[in-house]
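Participant: Enclosed is the structure file query31.cif (mmCIF, C-alpha atoms and all ligand atoms).
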```
data_start
#
loop_
_atom_site.label_atom_id
_atom_site.label_comp_id
_atom_site.auth_asym_id
_atom_site.auth_seq_id
_atom_site.Cartn_x
_atom_site.Cartn_y
_atom_site.Cartn_z
CA MET J 1472 -2.43 3.86 16.38
CA LYS J 1473 -2.97 7.39 15.22
CA ARG J 1474 -0.20 9.75 16.15
CA THR J 1475 -1.51 13.23 16.36
CA GLY J 1476 0.37 16.29 17.51
CA ALA J 1477 3.79 14.65 17.52
CA VAL J 1478 6.44 16.81 19.11
CA ALA J 1479 8.67 18.67 16.70
CA GLY J 1480 11.78 16.74 17.73
CA LEU J 1481 10.14 13.40 17.02
CA ILE J 1482 8.97 14.62 13.62
CA ALA J 1483 12.47 15.80 12.78
CA LEU J 1484 13.95 12.48 13.91
CA SER J 1485 11.37 10.60 11.86
CA LEU J 1486 12.11 12.61 8.75
CA ILE J 1487 15.83 12.01 9.11
CA LEU J 1488 15.28 8.29 9.58
CA GLY J 1489 12.89 8.21 6.61
CA ALA J 1490 15.46 9.98 4.46
CA CYS J 1491 18.24 7.63 5.63
CA SER J 1492 16.33 4.50 4.85
CA SER J 1493 15.19 5.69 1.43
CA GLY J 1494 18.77 6.54 0.56
CA GLY J 1495 19.84 3.04 1.47
CA GLY J 1496 19.16 1.44 -1.90
CA GLY J 1497 17.36 -1.83 -1.23
CA GLY J 1498 15.38 -0.40 1.66
CA SER J 1499 14.53 -3.89 2.82
CA SER J 1500 15.99 -3.51 6.28
CA ASP J 1501 14.01 -4.63 9.28
CA GLN J 1502 15.93 -2.22 11.47
CA PRO J 1503 14.16 -0.81 14.48
CA SER J 1504 12.71 2.54 13.59
CA GLY J 1505 14.47 4.39 16.33
CA ASP J 1506 11.08 5.68 17.40
CA GLN J 1507 11.55 6.75 21.01
CA SER J 1508 8.32 5.08 22.05
CA GLY J 1509 9.84 1.76 20.94
CA GLU J 1510 6.65 0.59 19.27
CA LYS J 1511 6.67 -1.37 16.02
CA ALA J 1512 10.35 -2.21 16.31
CA ALA J 1513 9.98 -5.30 14.12
CA ALA J 1514 8.13 -3.72 11.22
CA GLY J 1515 9.76 -2.02 8.27
CA GLY J 1516 10.86 -2.36 4.70
CA GLU J 1517 9.73 -0.85 1.45
CA VAL J 1518 6.10 -0.18 0.69
CA SER J 1519 5.45 -0.04 -3.05
CA VAL J 1520 2.57 2.28 -3.86
CA VAL J 1521 1.02 2.49 -7.33
CA THR J 1522 -0.71 5.74 -8.31
CA TRP J 1523 -0.88 7.79 -11.50
CA TRP J 1524 0.15 10.93 -9.69
CA GLU J 1525 3.44 10.81 -11.46
CA ALA J 1526 4.06 14.29 -12.79
CA GLY J 1527 3.11 17.94 -12.73
CA SER J 1528 0.67 19.27 -10.17
CA GLU J 1529 -0.60 15.79 -9.26
CA LYS J 1530 2.82 14.71 -8.03
CA LYS J 1531 2.81 17.53 -5.50
CA GLY J 1532 -0.21 16.06 -3.75
CA LEU J 1533 1.46 12.66 -3.56
CA GLU J 1534 4.63 14.22 -2.15
CA ALA J 1535 2.62 15.90 0.60
CA LEU J 1536 1.12 12.55 1.49
CA VAL J 1537 4.50 10.83 1.54
CA GLU J 1538 5.79 13.45 3.93
CA VAL J 1539 3.01 12.60 6.39
CA PHE J 1540 3.68 8.88 5.86
CA ASN J 1541 7.38 9.35 6.67
CA THR J 1542 6.43 11.21 9.83
CA GLN J 1543 3.77 8.79 11.00
CA HIS J 1544 5.57 5.60 9.97
CA PRO J 1545 9.31 6.19 9.86
CA GLU J 1546 9.94 2.45 10.09
CA PHE J 1547 8.75 2.02 6.51
CA THR J 1548 10.22 3.30 3.25
CA PHE J 1549 7.82 4.65 0.62
CA LYS J 1550 8.59 3.21 -2.80
CA ASN J 1551 7.07 5.27 -5.58
CA ALA J 1552 5.65 2.89 -8.19
CA ALA J 1553 3.62 5.61 -9.97
CA VAL J 1554 2.80 5.08 -13.64
CA ALA J 1555 2.45 8.23 -15.77
CA GLY J 1556 -0.85 8.99 -17.48
CA GLY J 1557 -3.78 11.02 -16.15
CA GLY J 1558 -6.94 9.17 -15.19
CA GLY J 1559 -4.84 6.01 -14.79
CA SER J 1560 -4.77 5.61 -18.57
CA GLN J 1561 -1.53 3.59 -18.38
CA ALA J 1562 -1.51 2.54 -14.71
CA LYS J 1563 -4.67 0.45 -14.90
CA GLN J 1564 -3.31 -1.64 -17.76
CA LYS J 1565 -0.02 -2.27 -16.01
CA LEU J 1566 -1.83 -3.11 -12.79
CA ALA J 1567 -4.10 -5.57 -14.55
CA ALA J 1568 -1.04 -7.36 -15.95
CA ASP J 1569 0.82 -7.33 -12.61
CA LEU J 1570 -2.21 -8.55 -10.67
CA ALA J 1571 -2.85 -11.31 -13.19
CA ALA J 1572 0.81 -12.36 -12.88
CA LYS J 1573 0.41 -12.43 -9.07
CA ASN J 1574 2.99 -9.71 -8.75
CA PRO J 1575 0.97 -7.01 -6.95
CA PRO J 1576 2.33 -3.80 -5.45
CA ASP J 1577 1.78 -3.41 -1.70
CA THR J 1578 -1.09 -1.01 -2.33
CA PHE J 1579 -2.62 0.76 -5.33
CA GLN J 1580 -4.90 3.63 -6.23
CA ALA J 1581 -8.35 2.71 -7.47
CA HIS J 1582 -11.72 4.43 -7.69
CA ALA J 1583 -14.59 3.90 -5.30
CA GLY J 1584 -17.55 2.31 -7.07
CA ALA J 1585 -17.77 0.01 -10.09
CA GLU J 1586 -14.02 -0.05 -10.74
CA LEU J 1587 -13.42 -1.64 -7.34
CA THR J 1588 -15.86 -4.42 -8.10
CA ASP J 1589 -13.64 -5.45 -11.02
CA TYR J 1590 -10.83 -6.17 -8.56
CA ILE J 1591 -13.16 -7.69 -5.98
CA ASP J 1592 -14.76 -10.07 -8.49
CA ALA J 1593 -11.32 -11.16 -9.62
CA MET J 1594 -10.41 -11.74 -5.94
CA GLN J 1595 -7.39 -9.47 -6.30
CA ILE J 1596 -7.97 -7.27 -3.25
CA GLU J 1597 -8.56 -8.00 0.43
CA ASP J 1598 -11.52 -7.07 2.59
CA VAL J 1599 -10.14 -4.27 4.79
CA SER J 1600 -13.28 -3.75 6.91
CA ALA J 1601 -11.29 -4.59 10.06
CA LEU J 1602 -9.05 -1.58 9.45
CA TYR J 1603 -12.09 0.68 9.68
CA ASP J 1604 -12.39 -0.42 13.32
CA GLU J 1605 -8.67 -0.37 13.95
CA PHE J 1606 -8.25 3.17 12.57
CA ASP J 1607 -11.61 4.33 13.89
CA LEU J 1608 -12.92 5.19 10.42
CA THR J 1609 -16.44 3.81 10.48
CA ASN J 1610 -18.01 7.16 11.28
CA ALA J 1611 -15.30 9.29 9.71
CA PHE J 1612 -16.63 9.08 6.12
CA PRO J 1613 -19.99 10.23 4.74
CA LYS J 1614 -22.61 7.56 4.04
CA THR J 1615 -22.65 8.40 0.29
CA LEU J 1616 -19.04 7.32 0.16
CA ILE J 1617 -19.31 4.29 2.44
CA ASP J 1618 -22.21 3.03 0.29
CA ARG J 1619 -20.03 3.23 -2.84
CA LEU J 1620 -17.19 1.43 -1.07
CA THR J 1621 -19.27 -1.38 0.38
CA VAL J 1622 -19.85 -4.60 -1.53
CA ASP J 1623 -21.94 -7.32 0.12
CA GLY J 1624 -21.32 -5.77 3.52
CA LYS J 1625 -17.55 -5.62 3.10
CA ILE J 1626 -15.20 -2.72 2.39
CA TYR J 1627 -12.19 -3.28 0.16
CA SER J 1628 -10.38 0.05 0.13
CA VAL J 1629 -9.70 3.23 2.06
CA PRO J 1630 -10.48 6.60 0.42
CA SER J 1631 -8.06 9.51 0.38
CA ASN J 1632 -10.22 12.15 -1.25
CA ILE J 1633 -13.33 13.11 -3.21
CA HIS J 1634 -13.16 14.84 -6.59
CA ARG J 1635 -15.85 16.44 -8.73
CA ALA J 1636 -15.69 15.76 -12.47
CA ASN J 1637 -18.38 18.02 -14.02
CA VAL J 1638 -16.59 21.33 -13.67
CA VAL J 1639 -15.93 24.00 -16.30
CA TRP J 1640 -12.66 25.92 -15.85
CA ALA J 1641 -12.69 29.28 -17.59
CA ASN J 1642 -10.17 32.05 -18.10
CA THR J 1643 -11.70 35.30 -16.82
CA ALA J 1644 -9.83 37.65 -19.17
CA VAL J 1645 -10.67 35.60 -22.27
CA LEU J 1646 -14.37 35.66 -21.35
CA GLU J 1647 -14.29 39.40 -20.74
CA GLU J 1648 -12.58 40.02 -24.09
CA ALA J 1649 -15.47 38.18 -25.73
CA GLY J 1650 -18.04 40.26 -23.83
CA ILE J 1651 -19.03 37.43 -21.46
CA ASP J 1652 -19.58 38.13 -17.77
CA PRO J 1653 -17.42 35.50 -15.96
CA SER J 1654 -19.79 35.46 -12.98
CA ALA J 1655 -22.85 34.67 -15.12
CA VAL J 1656 -23.07 30.90 -15.62
CA PRO J 1657 -24.93 29.91 -18.82
CA ALA J 1658 -28.27 28.24 -18.05
CA ASP J 1659 -27.81 25.17 -20.21
CA ILE J 1660 -25.61 23.60 -22.86
CA ASP J 1661 -27.18 25.62 -25.71
CA ALA J 1662 -26.49 28.90 -23.88
CA TRP J 1663 -22.95 27.73 -23.19
CA ILE J 1664 -22.36 26.90 -26.86
CA ALA J 1665 -23.62 30.41 -27.70
CA ASP J 1666 -20.90 31.81 -25.39
CA MET J 1667 -18.31 29.61 -27.10
CA GLU J 1668 -19.34 31.13 -30.42
CA LYS J 1669 -18.72 34.60 -28.94
CA VAL J 1670 -15.21 33.53 -27.91
CA LYS J 1671 -14.58 32.22 -31.41
CA ALA J 1672 -15.80 35.49 -32.92
CA ALA J 1673 -13.37 37.36 -30.63
CA GLY J 1674 -10.50 35.33 -32.12
CA LYS J 1675 -9.70 32.97 -29.22
CA THR J 1676 -10.06 29.19 -28.85
CA PRO J 1677 -13.45 28.49 -27.23
CA ILE J 1678 -12.64 25.14 -25.61
CA THR J 1679 -9.87 22.55 -25.35
CA VAL J 1680 -10.11 18.84 -24.70
CA GLY J 1681 -7.33 16.29 -24.41
CA MET J 1682 -6.95 12.53 -24.88
CA ALA J 1683 -9.73 9.91 -24.87
CA TRP J 1684 -10.57 9.81 -21.13
CA THR J 1685 -10.87 13.62 -21.02
CA GLN J 1686 -13.23 13.43 -24.01
CA LEU J 1687 -15.32 10.84 -22.16
CA GLU J 1688 -15.38 13.08 -19.09
CA LEU J 1689 -16.66 15.97 -21.24
CA LEU J 1690 -19.32 13.70 -22.73
CA GLU J 1691 -20.48 12.36 -19.34
CA SER J 1692 -20.81 15.95 -18.09
CA ILE J 1693 -23.02 16.83 -21.05
CA LEU J 1694 -25.12 13.70 -20.44
CA ILE J 1695 -25.62 14.78 -16.83
CA SER J 1696 -26.67 18.29 -17.90
CA ASP J 1697 -29.05 17.14 -20.61
CA LEU J 1698 -30.56 14.09 -18.87
CA GLY J 1699 -30.62 15.28 -15.25
CA ALA J 1700 -29.51 13.10 -12.33
CA ASP J 1701 -32.27 10.46 -12.43
CA ALA J 1702 -32.12 9.69 -16.14
CA TYR J 1703 -28.30 9.76 -16.03
CA ASN J 1704 -28.32 7.22 -13.17
CA GLY J 1705 -30.69 5.12 -15.26
CA LEU J 1706 -27.95 4.69 -17.88
CA PHE J 1707 -26.23 2.27 -15.50
CA ASN J 1708 -29.13 0.03 -14.53
CA GLY J 1709 -30.99 -0.27 -17.84
CA GLU J 1710 -33.71 2.27 -16.95
CA THR J 1711 -32.49 4.86 -19.45
CA ALA J 1712 -31.83 3.65 -22.99
CA TRP J 1713 -28.40 4.51 -24.36
CA ASP J 1714 -29.96 4.41 -27.82
CA GLY J 1715 -32.87 6.69 -26.86
CA PRO J 1716 -33.60 10.30 -27.95
CA GLU J 1717 -32.31 11.96 -24.73
CA VAL J 1718 -28.87 10.51 -25.36
CA THR J 1719 -29.04 11.54 -29.04
CA LYS J 1720 -29.64 15.14 -27.97
CA ALA J 1721 -26.63 15.05 -25.65
CA LEU J 1722 -24.44 13.54 -28.36
CA GLU J 1723 -25.49 16.29 -30.76
CA HIS J 1724 -24.40 18.84 -28.16
CA PHE J 1725 -21.13 16.96 -27.74
CA ASP J 1726 -20.66 17.06 -31.53
CA LYS J 1727 -21.14 20.85 -31.63
CA ILE J 1728 -18.69 21.36 -28.78
CA ILE J 1729 -16.06 19.11 -30.34
CA GLN J 1730 -16.30 21.23 -33.50
CA LEU J 1731 -15.35 24.24 -31.36
CA THR J 1732 -12.27 22.62 -29.78
CA ASP J 1733 -8.66 23.14 -30.73
CA LYS J 1734 -7.87 19.75 -32.27
CA SER J 1735 -4.16 20.00 -31.52
CA PHE J 1736 -4.71 18.82 -27.93
CA LEU J 1737 -6.65 15.64 -28.70
CA ASN J 1738 -3.74 13.35 -27.86
CA GLU J 1739 -2.56 15.31 -24.83
CA ASP J 1740 -3.02 14.56 -21.16
CA TRP J 1741 -5.33 16.78 -19.11
CA GLU J 1742 -2.67 19.19 -17.86
CA PRO J 1743 -1.27 20.28 -21.26
CA ALA J 1744 -4.88 20.60 -22.49
CA MET J 1745 -5.62 22.89 -19.52
CA THR J 1746 -2.57 25.09 -20.15
CA PRO J 1747 -4.26 27.37 -22.75
CA ILE J 1748 -6.96 28.17 -20.17
CA ILE J 1749 -4.32 28.88 -17.52
CA GLU J 1750 -2.31 31.04 -19.91
CA GLY J 1751 -5.22 32.96 -21.43
CA ASN J 1752 -5.21 31.43 -24.91
CA ALA J 1753 -8.54 29.60 -24.64
CA ALA J 1754 -11.77 30.09 -22.71
CA TYR J 1755 -13.01 26.74 -21.40
CA ASN J 1756 -12.02 23.21 -20.41
CA VAL J 1757 -14.11 20.60 -18.60
CA MET J 1758 -12.04 18.71 -16.07
CA GLY J 1759 -12.14 17.26 -12.58
CA ASP J 1760 -11.13 19.54 -9.76
CA TRP J 1761 -7.55 18.25 -9.71
CA ALA J 1762 -7.30 21.24 -12.10
CA VAL J 1763 -7.11 23.47 -8.99
CA ALA J 1764 -3.59 22.15 -8.40
CA ALA J 1765 -2.54 23.17 -11.92
CA PHE J 1766 -3.91 26.72 -11.47
CA ASP J 1767 -2.27 26.94 -8.02
CA THR J 1768 1.07 25.77 -9.42
CA ALA J 1769 0.87 28.49 -12.07
CA GLY J 1770 0.13 31.07 -9.36
CA LYS J 1771 -3.38 31.80 -10.69
CA LYS J 1772 -6.13 33.00 -8.37
CA TYR J 1773 -9.64 31.51 -8.22
CA LYS J 1774 -12.39 34.01 -9.11
CA GLU J 1775 -9.76 36.48 -10.33
CA ASP J 1776 -7.71 34.80 -13.04
CA TYR J 1777 -10.12 31.93 -13.53
CA VAL J 1778 -13.60 30.81 -12.59
CA ALA J 1779 -15.02 27.33 -12.09
CA PHE J 1780 -18.67 26.31 -12.34
CA PRO J 1781 -20.73 23.14 -12.84
CA VAL J 1782 -21.15 22.25 -16.52
CA PRO J 1783 -24.15 24.42 -17.57
CA GLY J 1784 -27.41 22.62 -16.87
CA SER J 1785 -25.94 20.52 -14.04
CA ASP J 1786 -26.07 23.00 -11.18
CA GLY J 1787 -26.94 21.04 -8.03
CA ILE J 1788 -25.51 17.77 -9.40
CA PHE J 1789 -22.09 16.66 -8.18
CA ASP J 1790 -20.40 14.20 -10.56
CA PHE J 1791 -18.49 12.21 -7.99
CA LEU J 1792 -15.34 10.13 -7.87
CA ALA J 1793 -13.05 9.13 -5.04
CA ASP J 1794 -9.51 7.81 -5.03
CA SER J 1795 -9.27 4.86 -2.76
CA PHE J 1796 -6.34 2.62 -1.83
CA THR J 1797 -6.39 -1.16 -1.63
CA LEU J 1798 -4.62 -4.07 0.02
CA PRO J 1799 -3.89 -6.46 -2.87
CA VAL J 1800 -4.05 -10.23 -2.30
CA GLY J 1801 -0.43 -11.39 -2.03
CA ALA J 1802 1.04 -7.99 -1.10
CA LYS J 1803 4.59 -8.53 0.17
CA ASN J 1804 4.59 -5.85 2.85
CA VAL J 1805 1.14 -6.13 4.41
CA ASP J 1806 2.09 -4.11 7.52
CA GLY J 1807 3.56 -1.42 5.30
CA ALA J 1808 0.43 -1.31 3.16
CA LYS J 1809 -1.71 -0.97 6.29
CA ALA J 1810 0.52 1.86 7.48
CA TRP J 1811 -0.06 3.63 4.14
CA LEU J 1812 -3.82 3.10 4.48
CA GLN J 1813 -3.63 4.55 7.97
CA THR J 1814 -1.78 7.64 6.73
CA ILE J 1815 -4.07 8.37 3.80
CA SER J 1816 -7.14 8.04 6.01
CA SER J 1817 -5.75 10.06 8.93
CA LYS J 1818 -6.81 13.67 9.36
CA GLU J 1819 -3.20 14.76 8.90
CA GLY J 1820 -2.87 12.83 5.64
CA GLN J 1821 -6.18 14.03 4.26
CA ILE J 1822 -5.44 17.66 5.06
CA ALA J 1823 -1.88 17.60 3.66
CA PHE J 1824 -2.98 15.83 0.49
CA ASN J 1825 -6.29 17.46 -0.33
CA THR J 1826 -5.28 21.06 0.34
CA ILE J 1827 -2.81 20.61 -2.54
CA LYS J 1828 -4.69 18.16 -4.79
CA GLY J 1829 -7.83 20.26 -5.29
CA SER J 1830 -10.04 17.50 -3.94
CA ILE J 1831 -12.05 17.64 -0.75
CA PRO J 1832 -11.29 15.35 2.18
CA ALA J 1833 -13.09 12.02 2.15
CA ARG J 1834 -13.43 12.37 5.93
CA SER J 1835 -16.43 14.36 7.05
CA ASP J 1836 -15.30 14.87 10.65
CA LEU J 1837 -12.76 17.68 10.29
CA SER J 1838 -13.04 20.57 12.74
CA GLU J 1839 -13.77 24.12 11.60
CA ASP J 1840 -10.12 25.04 12.12
CA GLU J 1841 -9.02 22.09 10.01
CA LEU J 1842 -11.51 22.96 7.26
CA ALA J 1843 -10.32 26.56 7.27
CA GLN J 1844 -7.01 25.34 5.82
CA PHE J 1845 -8.72 24.59 2.50
CA GLY J 1846 -8.86 27.08 -0.36
CA GLU J 1847 -11.93 28.91 -1.58
CA TYR J 1848 -12.65 26.50 -4.44
CA GLN J 1849 -12.62 23.55 -2.04
CA GLN J 1850 -14.86 25.41 0.42
CA ASP J 1851 -17.38 25.75 -2.43
CA ALA J 1852 -16.94 22.08 -3.41
CA MET J 1853 -17.49 20.88 0.17
CA LYS J 1854 -20.72 22.84 0.31
CA SER J 1855 -21.85 21.38 -3.02
CA PHE J 1856 -20.98 17.84 -1.95
CA ALA J 1857 -23.08 18.29 1.18
CA GLU J 1858 -26.09 19.78 -0.62
CA ASP J 1859 -26.10 18.42 -4.18
CA THR J 1860 -27.45 15.26 -5.77
CA ILE J 1861 -24.48 12.91 -6.15
CA VAL J 1862 -24.00 10.98 -9.38
CA SER J 1863 -21.07 8.76 -10.39
CA SER J 1864 -18.37 9.43 -12.96
CA ILE J 1865 -17.98 7.05 -15.91
CA ALA J 1866 -14.48 8.16 -16.91
CA HIS J 1867 -13.19 7.74 -13.34
CA GLY J 1868 -14.44 4.31 -12.38
CA ALA J 1869 -17.35 5.24 -10.14
CA ALA J 1870 -20.27 4.37 -12.46
CA ALA J 1871 -18.99 1.70 -14.81
CA PRO J 1872 -16.48 -1.17 -14.74
CA VAL J 1873 -13.16 -0.64 -16.54
CA GLY J 1874 -14.24 -2.94 -19.40
CA VAL J 1875 -17.19 -0.63 -20.13
CA SER J 1876 -15.36 2.68 -19.77
CA ASP J 1877 -12.48 1.42 -21.94
CA LYS J 1878 -14.91 0.64 -24.76
CA MET J 1879 -16.59 4.03 -24.30
CA ASN J 1880 -13.18 5.73 -24.45
CA ASP J 1881 -12.52 4.03 -27.78
CA ALA J 1882 -15.93 4.95 -29.18
CA VAL J 1883 -15.60 8.59 -28.15
CA ALA J 1884 -12.02 8.90 -29.48
CA LYS J 1885 -13.12 7.43 -32.80
CA PHE J 1886 -15.92 9.99 -33.04
CA VAL J 1887 -13.71 12.91 -32.05
CA GLN J 1888 -11.20 11.94 -34.73
CA GLY J 1889 -13.97 12.02 -37.31
CA ALA J 1890 -14.13 8.25 -37.86
CA SER J 1891 -17.80 7.93 -36.83
CA ASP J 1892 -20.91 10.11 -36.67
CA VAL J 1893 -23.46 10.71 -33.90
CA ALA J 1894 -25.48 7.63 -34.84
CA GLY J 1895 -22.35 5.47 -34.92
CA LEU J 1896 -21.14 6.82 -31.58
CA GLN J 1897 -24.52 6.21 -29.98
CA GLN J 1898 -24.61 2.64 -31.25
CA GLU J 1899 -21.11 1.94 -29.93
CA LEU J 1900 -21.89 3.49 -26.55
CA ALA J 1901 -25.02 1.33 -26.29
CA GLN J 1902 -23.00 -1.77 -27.12
CA ALA J 1903 -20.33 -0.85 -24.57
CA ALA J 1904 -22.98 -0.29 -21.87
CA ALA J 1905 -24.93 -3.47 -22.58
CA PRO J 1906 -23.22 -5.61 -19.89
CA MET J 1907 -24.42 -3.18 -17.18
CA SER J 1908 -28.11 -3.78 -17.79
CA LYS J 1909 -27.89 -7.57 -17.71
C1 LIG B 2001 -8.50 10.60 -11.74
C2 LIG B 2001 -8.07 10.56 -10.30
C3 LIG B 2001 -7.66 11.92 -9.86
C4 LIG B 2001 -6.67 12.53 -10.83
C5 LIG B 2001 -7.15 12.40 -12.26
C6 LIG B 2001 -6.21 12.92 -13.32
O1 LIG B 2001 -8.83 9.32 -12.19
O2 LIG B 2001 -9.13 10.09 -9.53
O3 LIG B 2001 -7.12 11.88 -8.57
O4 LIG B 2001 -5.47 11.94 -10.63
O5 LIG B 2001 -7.46 11.08 -12.55
O6 LIG B 2001 -5.07 12.14 -13.42
#
```
As a first step, turn the structure in this file into structure tokens.

Facilitator:
Amino acid sequence: MKRTGAVAGLIALSLILGACSSGGGGGSSDQPSGDQSGEKAAAGGEVSVVTWWEAGSEKKGLEALVEVFNTQHPEFTFKNAAVAGGGGSQAKQKLAADLAAKNPPDTFQAHAGAELTDYIDAMQIEDVSALYDEFDLTNAFPKTLIDRLTVDGKIYSVPSNIHRANVVWANTAVLEEAGIDPSAVPADIDAWIADMEKVKAAGKTPITVGMAWTQLELLESILISDLGADAYNGLFNGETAWDGPEVTKALEHFDKIIQLTDKSFLNEDWEPAMTPIIEGNAAYNVMGDWAVAAFDTAGKKYKEDYVAFPVPGSDGIFDFLADSFTLPVGAKNVDGAKAWLQTISSKEGQIAFNTIKGSIPARSDLSEDELAQFGEYQQDAMKSFAEDTIVSSIAHGAAAPVGVSDKMNDAVAKFVQGASDVAGLQQELAQAAAPMSK
């Protein structure tokens, strides 16, 4: 099934055929692929793929993946059904409506973990465990990931990548102007806030944050730093009280940091909110490591123009999320969807995609030569993923169902806009989390 090391001529032929079929309008032809091996002559047609990698640096990763898909599966035509909005802020809503109306795409992006269980419980996605045998994936992924993908012994999606959410991105020159050594990571949130005050005193914006889900990601990172991995994990099984004093302390830190942000970005997506850090107008932003793609696109160099470090106080804890693709119940082009799942899980797909996206490959069986193709940030992230304690992201579907994270988004946005105080935020977070401890 896997086609490795295809000869150049075959690749060229495939690309031409892929281009021809996508230019054909309807793309619904069942024409033979023209593949010289003659296999799969009957398959074909459009494969509609929903992601939220619709614009900016994220789109580049998707394009790299599509290129591999066109090479590996020239008989199919990729149909881009991406919905704009970082973190899936718009895509998830549209998907929910389309799935409820029994009008699913052929495959869609979801997050490994709690978010998948939403779709599984609603019987909207198929068990794809058999594909793990067919594509020889069972031992290709690390156990940490397989555990988060498995529900009652079945696996319902195929992962393309692993991202880390609790990362601070900092502009080196802005820190230096404020007298901060960019290589010295503050020990905890209080020390980090003290550095932000230095940036403010030097006349630059200390920190930016964007729209609601980015605010929730900042908050979850502070919770991880202040609570530590065990107590943070306890927030999702009732062992740690959302209305307890540890959470209050974290929310007070969050409050102080929000007071240091530039409020003009609060309705922006993550990439515009990261721009001041890229351009040297602000010091810090907390974001997942898809930010690497934005720095790369702007031609900025890791450890020269910018530094990245775990949110202070969370060194050794990797706030995990993984993008994972599904086979929806009722998909029109099941063979096409399977071909997409094969591409995103193949070594070629994972290398092409992740070297651009900033994520690390979900596969853990790449050779040293293959791993050497990744940038320095990703080399560091791979090491952390192997050594750190792994916890799950709230904002990106790993720790909490969409119903819970949506309510948390609303509560955090209300607070950030000044419409509630720490006590009010804590109460609303506790209410939002209540279904998880039942
Ligand atoms: C996450 C997703 C990432 C990235 C990010 C920003 O939910 O897992 O791959 O796309 O949103 O849009």

Participant: Please compute the atom CA of J:Thr1746-atom CA of J:Ala1552 distance, one decimal, in Å.

Facilitator: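 Between these atoms lies a distance of 26.5 Å.
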
Participant: For J:Ile1693, work out the shell of residues within 12 Å, counting only C-alpha atoms and skipping chain neighbours fewer than 2 positions away, then give it as number ranges by chain.

Facilitator: J: 1636-1639, 1659-1661, 1663-1664, 1686-1691, 1695-1700, 1703, 1717-1729, 1757, 1781-1785, 1788, 1790, 1864

Participant: Contacts of J:Ser1855 at 10 Å or less, counting all atoms listed in the file, minus same-chain residues fewer than 6 places along, as number ranges by chain?

Facilitator: J: 1635, 1786-1789, 1849, 1861

Participant: Which of these residues is nearest to J:Ser1560, using all atoms listed in the file: J:Ala1779, J:Ala1655, J:Ala1769, J:Ala1866?

Facilitator: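 Using all atoms listed in the file, J:Ser1560 sits closest to J:Ala1866.
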
Participant: Out of J:Ser1631, J:Thr1814, J:Ser1692, J:Gln1821, which residue has the shortest atom-to-atom distance to ligand LIG 2001 (chain B) when counting all atoms listed in the file?

Facilitator: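 Comparing J:Ser1631, J:Thr1814, J:Ser1692, J:Gln1821 against ligand LIG 2001 (chain B), the winner is J:Ser1631.
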
Participant: Taking into account only C-alpha atoms, which residue in the set J:Ala1903, J:Ala1585, J:Leu1570, J:Val1539 is nearest to J:Ala1871?

Facilitator: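 Smallest separation from J:Ala1871 among the options: J:Ala1585.
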
Participant: How far is it from atom CA of J:Trp1811 to atom CA of J:Phe1540, in Å with one decimal?

Facilitator: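 One can read the atom CA of J:Trp1811 to atom CA of J:Phe1540 distance as 6.7 Å.
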
Participant: Report, in Å with one decimal, the straight-line distance from atom CA of J:Leu1706 to atom CA of J:Met1907.

Facilitator: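 If I compute the distance from atom CA of J:Leu1706 to atom CA of J:Met1907, I get 8.7 Å.
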
Participant: Choose the residue, out of J:Asn1632, J:Asn1752, J:Ser1863, J:Gln1564, that has the smallest atom-to-atom separation from J:Ala1644; count all atoms listed in the file.

Facilitator: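 Closest to J:Ala1644 of all the choices is J:Asn1752.
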
Participant: Counting only C-alpha atoms and all ligand atoms, what residues are within 9 Å of ligand LIG 2001 (chain B), given as a short mmCIF file (atom, residue, chain, number, x, y, z; two decimals) with C-alpha atoms, keeping the file's coordinate frame?

Facilitator:
```cif
data_model
loop_
_atom_site.label_atom_id
_atom_site.label_comp_id
_atom_site.auth_asym_id
_atom_site.auth_seq_id
_atom_site.Cartn_x
_atom_site.Cartn_y
_atom_site.Cartn_z
CA THR J 1522 -0.71 5.74 -8.31
CA TRP J 1523 -0.88 7.79 -11.50
CA TRP J 1524 0.15 10.93 -9.69
CA GLU J 1525 3.44 10.81 -11.46
CA GLU J 1529 -0.60 15.79 -9.26
CA ALA J 1555 2.45 8.23 -15.77
CA GLY J 1556 -0.85 8.99 -17.48
CA GLY J 1557 -3.78 11.02 -16.15
CA GLY J 1558 -6.94 9.17 -15.19
CA GLY J 1559 -4.84 6.01 -14.79
CA SER J 1560 -4.77 5.61 -18.57
CA GLN J 1580 -4.90 3.63 -6.23
CA ALA J 1581 -8.35 2.71 -7.47
CA HIS J 1582 -11.72 4.43 -7.69
CA ASN J 1632 -10.22 12.15 -1.25
CA ILE J 1633 -13.33 13.11 -3.21
CA HIS J 1634 -13.16 14.84 -6.59
CA ALA J 1636 -15.69 15.76 -12.47
CA ASP J 1740 -3.02 14.56 -21.16
CA TRP J 1741 -5.33 16.78 -19.11
CA GLU J 1742 -2.67 19.19 -17.86
CA MET J 1758 -12.04 18.71 -16.07
CA GLY J 1759 -12.14 17.26 -12.58
CA ASP J 1760 -11.13 19.54 -9.76
CA TRP J 1761 -7.55 18.25 -9.71
CA ALA J 1762 -7.30 21.24 -12.10
CA LEU J 1792 -15.34 10.13 -7.87
CA ALA J 1793 -13.05 9.13 -5.04
CA ASP J 1794 -9.51 7.81 -5.03
CA SER J 1795 -9.27 4.86 -2.76
CA LYS J 1828 -4.69 18.16 -4.79
CA SER J 1830 -10.04 17.50 -3.94
CA ALA J 1866 -14.48 8.16 -16.91
CA HIS J 1867 -13.19 7.74 -13.34
CA GLY J 1868 -14.44 4.31 -12.38
#
```
